[in-house]
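Trainee: Structure file run_35.txt, compact mmCIF, C-alpha atoms and all ligand atoms, is pasted below:
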```txt
# COMPACT_ATOMS: atom_id res chain seq x y z
CA MET A 1 -40.52 0.46 2.08
CA ILE A 2 -41.26 -1.77 -0.91
CA LEU A 3 -39.55 0.70 -3.24
CA ALA A 4 -36.52 0.94 -0.95
CA ALA A 5 -36.25 -2.85 -0.77
CA ALA A 6 -36.53 -3.14 -4.54
CA LEU A 7 -33.89 -0.48 -5.02
CA ALA A 8 -31.55 -2.21 -2.57
CA MET A 9 -31.99 -5.47 -4.46
CA ALA A 10 -31.33 -3.76 -7.79
CA ILE A 11 -28.19 -1.99 -6.60
CA GLY A 12 -26.96 -4.69 -4.24
CA PRO A 13 -25.23 -3.99 -0.97
CA GLN A 14 -22.70 -1.18 -1.31
CA ARG A 15 -19.16 -2.56 -1.20
CA SER A 16 -16.90 -0.83 1.25
CA LEU A 17 -13.53 0.34 0.04
CA PRO A 18 -11.52 -2.27 2.03
CA ASP A 19 -13.59 -4.99 0.29
CA GLU A 20 -12.29 -3.73 -3.05
CA VAL A 21 -8.69 -4.67 -2.22
CA SER A 22 -7.88 -7.70 -4.37
CA ALA A 23 -5.54 -10.49 -3.19
CA ASP A 24 -5.25 -11.76 -6.77
CA ARG A 25 -4.27 -8.36 -8.12
CA LEU A 26 -1.72 -7.96 -5.30
CA ILE A 27 -0.04 -11.32 -5.97
CA GLY A 28 -0.21 -10.59 -9.72
CA THR A 29 1.84 -7.43 -9.17
CA VAL A 30 4.30 -9.32 -6.93
CA LYS A 31 4.76 -11.92 -9.70
CA GLY A 32 5.14 -9.20 -12.31
CA LEU A 33 7.94 -7.58 -10.31
CA ALA A 34 9.61 -10.91 -9.44
CA GLN A 35 9.91 -11.78 -13.15
CA PHE A 36 12.82 -9.37 -13.51
CA HIS A 37 16.07 -11.28 -12.92
CA THR A 38 17.05 -8.63 -10.39
CA ARG A 39 15.81 -5.12 -9.59
CA ASN A 40 19.13 -4.09 -8.11
CA THR A 41 19.54 -0.31 -8.31
CA ASN A 42 22.98 -0.85 -9.91
CA SER A 43 21.47 -3.00 -12.69
CA PRO A 44 19.35 -2.33 -15.83
CA GLY A 45 16.62 -4.42 -14.17
CA LEU A 46 15.75 -1.51 -11.88
CA THR A 47 14.93 0.80 -14.80
CA GLU A 48 12.93 -1.94 -16.54
CA ALA A 49 10.95 -2.70 -13.36
CA CYS A 50 10.21 1.00 -12.78
CA GLU A 51 8.98 1.35 -16.36
CA TRP A 52 6.79 -1.72 -15.89
CA ALA A 53 5.32 -0.33 -12.65
CA ALA A 54 4.80 3.10 -14.22
CA ALA A 55 2.96 1.50 -17.15
CA GLN A 56 0.66 -0.29 -14.68
CA LEU A 57 -0.03 2.91 -12.79
CA LEU A 58 -0.69 4.85 -16.02
CA THR A 59 -3.78 2.70 -16.60
CA ILE A 60 -5.36 4.22 -13.48
CA PRO A 61 -7.61 7.22 -14.23
CA ARG A 62 -6.59 10.64 -12.84
CA LEU A 63 -3.25 9.36 -11.50
CA GLN A 64 -0.27 11.57 -12.42
CA VAL A 65 2.65 9.18 -12.89
CA GLU A 66 6.27 10.33 -12.86
CA VAL A 67 9.42 8.30 -13.36
CA MET A 68 11.57 10.43 -11.08
CA LYS A 69 15.29 10.65 -11.76
CA TYR A 70 17.81 11.28 -8.99
CA ARG A 71 21.57 11.08 -8.56
CA ALA A 72 22.68 7.92 -6.76
CA SER A 73 26.01 7.94 -4.99
CA GLY A 74 27.69 6.42 -1.94
CA ASN A 75 29.84 3.45 -1.13
CA ARG A 76 27.18 0.93 -2.20
CA VAL A 77 26.86 2.43 -5.70
CA ALA A 78 29.52 1.24 -8.15
CA GLU A 79 29.77 4.63 -9.85
CA GLU A 80 27.75 7.79 -9.30
CA LYS A 81 24.89 7.92 -11.80
CA ASP A 82 21.26 8.87 -12.42
CA VAL A 83 18.71 6.23 -11.41
CA VAL A 84 14.89 6.21 -11.32
CA GLN A 85 11.95 5.52 -9.01
CA VAL A 86 8.20 5.97 -9.51
CA VAL A 87 6.08 8.69 -7.89
CA ALA A 88 2.33 8.79 -8.63
CA VAL A 89 0.05 11.58 -7.41
CA LEU A 90 -3.74 11.52 -7.07
CA PRO A 91 -4.77 15.18 -6.75
CA GLY A 92 -7.23 16.05 -4.00
CA ARG A 93 -9.16 19.24 -3.26
CA THR A 94 -6.26 20.51 -1.11
CA ASP A 95 -2.47 20.35 -1.46
CA ARG A 96 -2.08 18.62 1.92
CA ARG A 97 -0.52 15.23 1.17
CA ILE A 98 -0.57 11.65 2.46
CA LEU A 99 2.15 9.33 1.12
CA VAL A 100 2.39 5.54 0.98
CA GLY A 101 5.21 3.53 -0.55
CA GLY A 102 7.35 0.42 -0.74
CA HIS A 103 10.75 -0.16 -2.31
CA ILE A 104 10.86 -1.63 -5.78
CA ASP A 105 14.57 -2.47 -5.76
CA SER A 106 15.95 -5.87 -4.71
CA LEU A 107 19.37 -7.49 -4.38
CA ASN A 108 21.12 -10.80 -3.82
CA LEU A 109 23.68 -10.64 -1.04
CA ARG A 110 24.44 -14.37 -1.07
CA ASP A 111 25.75 -14.54 -4.64
CA ASP A 112 26.62 -11.41 -6.61
CA PRO A 113 24.59 -8.31 -5.54
CA VAL A 114 24.25 -6.97 -9.11
CA THR A 115 24.06 -10.11 -11.26
CA GLY A 116 22.62 -12.66 -8.76
CA ARG A 117 18.97 -13.66 -9.10
CA ALA A 118 16.94 -11.43 -6.75
CA PRO A 119 13.17 -11.88 -7.14
CA GLY A 120 12.58 -9.76 -4.01
CA ALA A 121 8.97 -10.92 -3.79
CA ASN A 122 8.49 -10.15 -0.11
CA ASP A 123 11.37 -7.64 0.16
CA ASP A 124 9.86 -5.58 -1.18
CA ALA A 125 7.61 -6.34 -4.13
CA SER A 126 4.98 -6.89 -1.40
CA GLY A 127 5.13 -3.25 -0.22
CA THR A 128 5.34 -1.98 -3.80
CA ALA A 129 2.29 -4.03 -4.82
CA LEU A 130 0.46 -2.75 -1.73
CA ALA A 131 1.09 0.90 -2.70
CA MET A 132 0.04 0.23 -6.31
CA GLU A 133 -3.16 -1.52 -5.16
CA LEU A 134 -3.99 1.42 -2.91
CA ALA A 135 -3.58 3.71 -5.92
CA ARG A 136 -6.04 1.56 -7.89
CA VAL A 137 -8.63 1.40 -5.14
CA MET A 138 -8.38 4.99 -3.93
CA ALA A 139 -8.47 6.46 -7.45
CA THR A 140 -12.10 5.28 -7.70
CA ARG A 141 -13.12 8.05 -5.26
CA GLU A 142 -12.49 11.77 -4.76
CA TRP A 143 -10.59 12.93 -1.68
CA GLU A 144 -10.08 16.08 0.32
CA ASN A 145 -6.30 15.68 0.37
CA THR A 146 -3.72 14.76 -2.24
CA LEU A 147 -2.39 11.19 -2.20
CA VAL A 148 1.10 10.11 -3.22
CA PHE A 149 2.01 6.50 -4.11
CA VAL A 150 5.71 5.69 -4.36
CA CYS A 151 7.90 2.84 -5.63
CA PHE A 152 11.18 3.79 -3.95
CA SER A 153 14.51 2.63 -5.34
CA GLY A 154 18.02 2.60 -3.87
CA GLU A 155 16.69 1.32 -0.53
CA GLU A 156 19.24 -1.48 -0.39
CA GLN A 157 22.06 0.98 -1.17
CA GLY A 158 21.27 3.13 1.88
CA LEU A 159 17.76 4.62 1.43
CA LEU A 160 18.86 6.65 -1.59
CA GLY A 161 15.49 7.11 -3.29
CA SER A 162 13.58 7.99 -0.14
CA THR A 163 16.35 10.42 0.83
CA ALA A 164 16.02 12.10 -2.60
CA LEU A 165 12.22 12.29 -2.34
CA ALA A 166 12.22 13.52 1.27
CA GLN A 167 14.68 16.24 0.27
CA ARG A 168 12.46 17.17 -2.67
CA ALA A 169 9.37 17.26 -0.41
CA LYS A 170 11.25 19.62 1.88
CA ASP A 171 12.59 21.81 -0.97
CA GLU A 172 9.17 22.05 -2.64
CA ASN A 173 7.42 22.74 0.70
CA TRP A 174 5.09 19.76 0.42
CA LYS A 175 2.40 19.84 3.10
CA LEU A 176 3.15 16.19 3.82
CA GLU A 177 1.06 15.09 6.81
CA ALA A 178 1.79 11.36 6.94
CA VAL A 179 4.17 8.85 5.40
CA PHE A 180 3.47 5.10 5.47
CA ASN A 181 6.42 2.92 4.50
CA ASN A 182 5.62 -0.73 3.77
CA ASP A 183 8.64 -3.01 3.67
CA ILE A 184 8.35 -6.82 3.96
CA VAL A 185 4.59 -7.03 4.46
CA GLY A 186 3.60 -10.21 2.61
CA ASN A 187 4.39 -13.21 4.76
CA SER A 188 2.64 -14.58 7.83
CA VAL A 189 4.78 -17.65 8.54
CA ASN A 190 8.50 -18.42 8.53
CA THR A 191 10.69 -21.51 8.24
CA GLN A 192 11.38 -21.42 11.98
CA GLY A 193 7.72 -22.23 12.62
CA PHE A 194 6.54 -18.83 13.85
CA LYS A 195 3.33 -17.47 12.38
CA ASP A 196 0.91 -14.58 12.87
CA LYS A 197 -1.78 -13.93 10.30
CA LYS A 198 -3.74 -11.49 12.41
CA GLN A 199 -1.33 -8.63 13.03
CA ILE A 200 1.12 -6.35 11.32
CA ARG A 201 3.83 -4.41 13.14
CA LEU A 202 3.94 -0.63 12.90
CA PHE A 203 7.22 1.01 13.91
CA SER A 204 7.30 4.61 15.06
CA ASP A 205 9.54 7.09 16.82
CA PRO A 206 10.67 5.89 20.29
CA ALA A 207 9.72 9.23 21.87
CA ASP A 208 6.12 9.04 23.10
CA THR A 209 4.86 12.51 22.26
CA THR A 210 6.15 12.91 18.69
CA LYS A 211 3.83 13.30 15.72
CA SER A 212 5.14 10.05 14.25
CA ARG A 213 4.01 8.24 17.41
CA GLU A 214 0.61 9.94 17.21
CA LEU A 215 0.28 8.83 13.58
CA ALA A 216 1.05 5.24 14.65
CA ARG A 217 -1.39 5.41 17.58
CA PHE A 218 -4.12 6.85 15.35
CA THR A 219 -3.49 4.14 12.73
CA GLU A 220 -3.80 1.38 15.35
CA TRP A 221 -7.05 2.93 16.60
CA THR A 222 -8.53 3.31 13.11
CA VAL A 223 -7.71 -0.26 12.10
CA ARG A 224 -9.19 -1.56 15.38
CA GLN A 225 -12.45 0.32 14.63
CA GLU A 226 -12.71 -0.60 10.94
CA LEU A 227 -11.37 -4.13 10.48
CA LYS A 228 -12.83 -7.15 12.23
CA SER A 229 -9.98 -9.64 12.44
CA PHE A 230 -6.75 -7.82 11.74
CA ARG A 231 -4.77 -5.60 14.11
CA VAL A 232 -1.83 -3.24 14.14
CA LYS A 233 0.83 -4.16 16.68
CA LEU A 234 2.60 -0.97 17.70
CA VAL A 235 6.36 -1.16 18.17
CA TYR A 236 7.86 1.84 19.87
CA ARG A 237 11.09 1.81 17.90
CA ASN A 238 11.97 3.64 14.73
CA ASP A 239 12.60 0.31 13.03
CA ARG A 240 13.69 -3.26 13.65
CA PHE A 241 16.79 -3.63 15.78
CA GLY A 242 19.82 -2.10 14.08
CA ARG A 243 17.99 -1.71 10.77
CA GLY A 244 16.28 1.11 8.86
CA GLY A 245 13.81 1.86 6.11
CA ASP A 246 12.43 4.45 3.72
CA HIS A 247 10.41 6.29 6.37
CA THR A 248 13.60 7.35 8.16
CA PRO A 249 14.73 10.05 5.68
CA PHE A 250 11.25 11.62 5.94
CA MET A 251 11.51 11.69 9.72
CA ARG A 252 14.90 13.35 9.42
CA GLN A 253 13.26 16.08 7.32
CA GLY A 254 10.64 16.61 10.04
CA PHE A 255 7.71 14.71 8.51
CA ASN A 256 5.49 12.17 10.33
CA ALA A 257 6.61 8.78 9.09
CA VAL A 258 6.06 5.17 10.19
CA ARG A 259 6.94 1.70 8.93
CA PHE A 260 4.75 -1.38 8.51
CA CYS A 261 6.42 -4.82 8.62
CA GLU A 262 5.13 -8.38 9.05
CA VAL A 263 5.41 -9.90 12.54
CA TRP A 264 7.71 -12.86 11.81
CA GLU A 265 10.25 -12.19 9.09
CA ASP A 266 11.90 -15.16 7.39
CA PHE A 267 15.55 -14.16 7.40
CA THR A 268 16.55 -17.27 5.45
CA ARG A 269 14.74 -15.97 2.37
CA GLN A 270 15.90 -12.37 2.42
CA HIS A 271 18.38 -10.95 -0.09
CA ASN A 272 18.78 -14.21 -2.03
CA ASP A 273 17.10 -16.18 -4.82
CA GLN A 274 14.59 -17.78 -2.41
CA ASP A 275 12.47 -14.63 -1.92
CA THR A 276 9.90 -15.85 -4.44
CA PRO A 277 6.14 -15.21 -4.92
CA GLU A 278 5.09 -18.66 -3.69
CA HIS A 279 6.30 -17.62 -0.23
CA VAL A 280 4.05 -14.56 -0.23
CA ASP A 281 0.71 -15.09 1.54
CA LYS A 282 -1.68 -13.12 -0.65
CA GLU A 283 -4.44 -13.02 1.98
CA TYR A 284 -2.02 -11.63 4.56
CA LEU A 285 -0.81 -9.05 2.02
CA ARG A 286 -4.44 -8.17 1.38
CA ASN A 287 -5.01 -7.55 5.08
CA ALA A 288 -1.85 -5.45 5.28
CA THR A 289 -3.19 -3.41 2.37
CA ARG A 290 -6.59 -3.02 4.03
CA ALA A 291 -4.92 -1.79 7.23
CA ASN A 292 -3.05 0.87 5.26
CA LEU A 293 -6.23 1.70 3.37
CA VAL A 294 -8.47 2.44 6.35
CA ALA A 295 -5.83 4.77 7.81
CA MET A 296 -5.29 6.42 4.42
CA VAL A 297 -9.04 6.88 3.91
CA ALA A 298 -9.40 8.61 7.28
CA LEU A 299 -6.45 10.92 6.64
CA ALA A 300 -7.43 11.51 3.01
CA ASN A 301 -10.69 13.12 4.11
CA ALA A 302 -9.41 14.94 7.19
CA LYS A 303 -9.48 18.71 7.59
CA PRO A 304 -6.48 20.44 9.21
CA ALA A 305 -5.60 19.49 12.79
CA PRO A 306 -6.83 21.77 15.60
CA GLU A 307 -4.42 24.21 17.21
CA ARG A 308 -3.91 25.35 20.80
CA VAL A 309 -5.47 22.20 22.32
CA ARG A 310 -5.46 22.89 26.06
CA ILE A 311 -6.77 21.36 29.27
CA ASP A 312 -8.48 23.64 31.78
CA ARG A 313 -6.11 23.52 34.77
CA ARG A 314 -8.72 24.02 37.50
CA GLN A 315 -9.00 21.07 39.89
CA GLY A 316 -11.97 18.73 39.48
CA HIS A 317 -13.07 15.27 38.38
CA ASP A 318 -14.28 16.48 34.98
CA THR A 319 -11.89 17.50 32.21
CA ARG A 320 -12.58 20.53 30.02
CA VAL A 321 -10.60 20.75 26.78
CA THR A 322 -10.47 23.84 24.55
CA TRP A 323 -8.93 24.49 21.11
CA THR A 324 -9.06 26.94 18.24
CA ARG A 325 -11.97 25.76 16.15
CA VAL A 326 -12.33 26.34 12.42
CA ASP A 327 -15.79 26.83 10.90
CA GLY A 328 -17.29 23.67 9.46
CA VAL A 329 -14.66 21.30 10.84
CA GLU A 330 -16.00 18.39 12.89
CA TYR A 331 -13.88 17.33 15.85
CA VAL A 332 -13.34 14.08 17.75
CA LEU A 333 -12.13 13.77 21.36
CA TYR A 334 -9.89 10.79 22.25
CA HIS A 335 -8.82 9.63 25.67
CA ARG A 336 -6.72 6.91 27.26
CA ASN A 337 -5.34 6.09 30.66
CA SER A 338 -1.85 7.55 30.98
CA SER A 339 -0.44 4.01 31.23
CA SER A 340 -2.26 2.80 28.10
CA PRO A 341 -0.24 3.02 24.89
CA VAL A 342 -3.38 3.12 22.71
CA TRP A 343 -6.57 5.19 22.57
CA GLU A 344 -9.35 3.67 24.66
CA LYS A 345 -12.32 5.74 23.55
CA SER A 346 -13.34 8.43 21.10
CA ILE A 347 -16.34 10.77 21.13
CA GLU A 348 -17.58 12.63 18.06
CA ILE A 349 -18.30 16.12 19.36
CA GLY A 350 -19.22 18.10 16.24
CA THR A 351 -18.09 21.59 15.23
CA VAL A 352 -17.47 22.91 18.75
CA GLY A 353 -14.30 24.53 20.17
CA GLU A 354 -14.53 23.15 23.70
CA TYR A 355 -15.76 19.99 25.39
CA THR A 356 -16.06 18.73 28.96
CA VAL A 357 -15.60 15.02 29.66
CA LYS A 358 -17.58 14.09 32.77
CA GLY A 359 -16.04 11.92 35.46
CA ILE A 360 -12.72 11.27 33.74
CA ASN A 361 -9.86 12.79 35.64
CA LYS A 362 -7.13 14.77 33.88
CA ASP A 363 -4.58 13.53 36.43
CA ASP A 364 -4.87 9.92 35.25
CA ASN A 365 -5.75 10.26 31.58
CA VAL A 366 -4.41 11.64 28.33
CA PHE A 367 -6.79 13.62 26.10
CA ALA A 368 -6.51 14.64 22.48
CA ILE A 369 -8.60 16.42 19.87
CA GLY A 370 -8.49 15.59 16.18
CA ALA A 371 -10.27 16.92 13.13
CA LYS A 372 -12.50 14.02 12.10
CA GLY A 373 -10.24 11.42 10.42
CA GLY A 374 -7.08 13.36 11.24
CA ILE A 375 -4.14 12.69 13.57
CA PRO A 376 -5.19 13.69 17.12
CA VAL A 377 -3.35 16.48 18.91
CA GLU A 378 -2.64 15.81 22.57
CA ALA A 379 -4.14 18.36 24.96
CA THR A 380 -1.58 19.98 27.26
ZN ZN B 1 13.31 -4.06 2.29
```
Translate this file's structure into C-alpha cells.
Ligand SMILES: [Zn+2]
Mentor:
Amino acid sequence: MILAAALAMAIGPQRSLPDEVSADRLIGTVKGLAQFHTRNTNSPGLTEACEWAAAQLLTIPRLQVEVMKYRASGNRVAEEKDVVQVVAVLPGRTDRRILVGGHIDSLNLRDDPVTGRAPGANDDASGTALAMELARVMATREWENTLVFVCFSGEEQGLLGSTALAQRAKDENWKLEAVFNNDIVGNSVNTQGFKDKKQIRLFSDPADTTKSRELARFTEWTVRQELKSFRVKLVYRNDRFGRGGDHTPFMRQGFNAVRFCEVWEDFTRQHNDQDTPEHVDKEYLRNATRANLVAMVALANAKPAPERVRIDRRQGHDTRVTWTRVDGVEYVLYHRNSSSPVWEKSIEIGTVGEYTVKGINKDDNVFAIGAKGGIPVEAT
C-alpha cells in the first residue's frame, strides 16, 4: 500500500485523453488561420492556408500529411483549375477508418467573395482547428483503426473538396466506418441574445434506421457517459434547414456521416469580415473537441460490428438476442424504449454470441448489439 501510494504520488494522477485537449492551442490555430486575408478557394490565400495547416500537422509524430490536389469546377468557380486541401492519416493496426474534418476555406459574401476580408474564424477555422487538435491528441496513442483528419476546401463553392475526397474514398475502397464533419462549432452565444454553452447539435439522416442515425445515437450516448457537463443534442435532419455540409457527399457515397454545429449560430457574423477570433469561445470549442474525441476514441478501438443480429421471435417477457460472434471480440447490448430517440442502457456482455435480457419486452423496446466501442447494430 505504501509503495503504491508513493508510486501514485511520483507519477501523479493519469490524465485522461479529453483532459489533454487544449483551449489555448485551439484558439491559437483559429488565429493562425484567420490571419490570412481570405481563404477563399478561388484565391491564393487558400493554398497558403493549406500549406500553413500542413506544416502544423507535419510536426505531429507518425502523422502522414498530404496536400491533396483536386480539380475544382462548377458555377461558383471562376475558371476550372486544380486546388488543394489537407488530408492527414494516422495509421492504425487495421485499415478500417474513422474520419473527422472541418473546412479550411472561407469567403466574404457581403463585399467581394474573392478579394473581401474573410477571417472565417468560426466558419470554419473552428472545425479545422478541432480536427487538427484531435490529430495532436490522438497521435499520442496507438489505435486499432486508422484515423483520418481533414481540412476540406471548396465547401463554400458547393462541397467540392469533400465531394472529391468521398469519391476517392469510394474509388480506393476505403473501409470508412464513420465521418464527423465539424462546421461552425466555436460559438456559444449570438448577438440576438441566445446562448447555450452546454450542448452541441449533431445532424444525421432523417430516416431512423440508417447507419448515419446509429452513428449519431451512439455518439450522443458515448458523450453522455464520458463527459460530465456537455451534451450532444441530436437533430434528425441531414443538416440545418435548406443548407448542407461536407458530410453530405460521404452520405451520397454510402458512408456513415454526421455533422456537428453549435446550437445558436450568429448569422450576422457569417461570410463577412466580422467572423473574427474574438467571437470564438475557446472553452466551448474545447468542449466540442472533447465530444468529438470521446466518440473517436471509442470507434478508434472498436472491432468490426456484429452480423446477423436477431431477436428470438418466441413470445415472452424476456428478450433473447443472437448474433454471429467473432473470437476475442467483446460485445455490448443496448436498449431503449421504442419511443425514446436515445439509448437508455447498455450492458457489457463479454465475448458471447447470445444474450437474454430479463423482464424487458421486445414489443416495447429496441435492442442492439455493438462490438465494444463500435456503432451498435439494431436487432431485428
Ligand atoms: Zn461552413
Trainee: Any idea what the distance is between CA of Ala207 (chain A) and CA of Arg237 (chain A)?
Mentor: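 Calculated distance between CA of Ala207 (chain A) and CA of Arg237 (chain A) is 8.5 Å.
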Trainee: Please measure the separation of CA of Val86 (chain A) and CA of Leu63 (chain A), giving the value in Å to one decimal.
Mentor: 12.1 Å
Trainee: Residues of chain A that approach ligand ZN 1 (chain B) to 6 Å or less, counting all atoms listed in the file: could you list each one with the shortest pair of atoms and its distance in Å to one decimal, rows by chain and increasing residue number, as a Markdown table?
Mentor:
```
| residue | atom | partner | partner_atom | distance |
| --- | --- | --- | --- | --- |
| A:Asp123 | CA | B:ZN1 | ZN | 4.6 |
| A:Asp124 | CA | B:ZN1 | ZN | 5.1 |
| A:Asp183 | CA | B:ZN1 | ZN | 5.0 |
| A:Ile184 | CA | B:ZN1 | ZN | 5.9 |
```
Trainee: Excluding Asn256 (chain A) and residues on its chain fewer than 4 positions from it, collect all residues at most 9 Å away from it, counting all atoms listed in the file, and give them as a VMD selection string.
Mentor: chain A and resid 176 to 180 210 to 215 247 250 to 251
Trainee: Applying 10 Å and only C-alpha atoms, which residues near Leu165 (chain A) remain after dropping the ones on its own chain fewer than 2 positions away? List them as a list in words.
Mentor: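 Contacts, in chain order: Met68, Tyr70, Gln85, Val87, Val150, Phe152, Leu160, Gly161, Ser162, Thr163, Gln167, Arg168, Ala169, Lys170, Asp171, Asp246, Pro249 and Phe250 of chain A.
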Trainee: Select, from A:Gly120, A:Gly373, A:Pro304, A:Pro341, the residue with the minimum atom-to-atom distance to Gly102 (chain A), counting only C-alpha atoms.
Mentor: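 When distances to Gly102 (chain A) are compared using only C-alpha atoms, the smallest one comes from A:Gly120.
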Trainee: With only C-alpha atoms as the basis for distance, which of A:Lys81, A:Arg136, A:Lys372, A:Lys198 is at the shortest distance from Ala300 (chain A)?
Mentor: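 The shortest atom-to-atom distance to Ala300 (chain A) comes from A:Lys372.
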Trainee: Env of Arg313 (chain A): 12 Å cut, atoms = all atoms listed in the file, seq-sep filter 6 positions within chain, self excluded. Answer as a PDB file with C-alpha atoms, in the frame of the given file.
Mentor:
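After the write, result10.pdb holds the following:
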```
ATOM      1  CA  THR A 319     -11.890  17.500  32.210  1.00  0.00           C
ATOM      2  CA  ARG A 320     -12.580  20.530  30.020  1.00  0.00           C
ATOM      3  CA  VAL A 321     -10.600  20.750  26.780  1.00  0.00           C
ATOM      4  CA  THR A 322     -10.470  23.840  24.550  1.00  0.00           C
ATOM      5  CA  ASN A 361      -9.860  12.790  35.640  1.00  0.00           C
ATOM      6  CA  LYS A 362      -7.130  14.770  33.880  1.00  0.00           C
ATOM      7  CA  ASP A 363      -4.580  13.530  36.430  1.00  0.00           C
ATOM      8  CA  ALA A 379      -4.140  18.360  24.960  1.00  0.00           C
ATOM      9  CA  THR A 380      -1.580  19.980  27.260  1.00  0.00           C
TER      10      THR A 380
END
```
Trainee: What gap, in Å, lies between CA of Leu234 (chain A) and CA of Trp143 (chain A)?
Mentor: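 Interatomic distance here is 27.3 Å.
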Trainee: Mind listing as a PyMOL selection string all residues within 10 Å of (0.7, -7.9, 3.9), counting all atoms listed in the file?
Mentor: chain A and resi 23+26+122+126-127+129-130+182-188+197+199-200+260-262+280-292
Trainee: I need the residue nearest Thr47 (chain A) from this list: A:Ser153, A:Pro61, A:Gly92, A:Arg110. Use only C-alpha atoms for the distance.
Mentor: A:Ser153
Trainee: Could you name the residues that touch Asn145 (chain A) at 10 Å or less, counting only C-alpha atoms, but leaving out those on the same chain fewer than 5 positions away, as a ChimeraX atom specification?
Mentor: /A:90-98,177,297,299-303
Trainee: Print the selection's residues with C-alpha atoms to a file, as a compact mmCIF listing (two decimals), keeping the file's coordinate frame.
Mentor:
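Contents of again.txt, as written:
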```
# COMPACT_ATOMS: atom_id res chain seq x y z
CA LEU A 90 -3.74 11.52 -7.07
CA PRO A 91 -4.77 15.18 -6.75
CA GLY A 92 -7.23 16.05 -4.00
CA ARG A 93 -9.16 19.24 -3.26
CA THR A 94 -6.26 20.51 -1.11
CA ASP A 95 -2.47 20.35 -1.46
CA ARG A 96 -2.08 18.62 1.92
CA ARG A 97 -0.52 15.23 1.17
CA ILE A 98 -0.57 11.65 2.46
CA GLU A 177 1.06 15.09 6.81
CA VAL A 297 -9.04 6.88 3.91
CA LEU A 299 -6.45 10.92 6.64
CA ALA A 300 -7.43 11.51 3.01
CA ASN A 301 -10.69 13.12 4.11
CA ALA A 302 -9.41 14.94 7.19
CA LYS A 303 -9.48 18.71 7.59
```
Trainee: I need the residue nearest Leu46 (chain A) from this list: A:Thr146, A:Asn365, A:Thr59, A:Thr115. Use only C-alpha atoms for the distance.
Mentor: A:Thr115
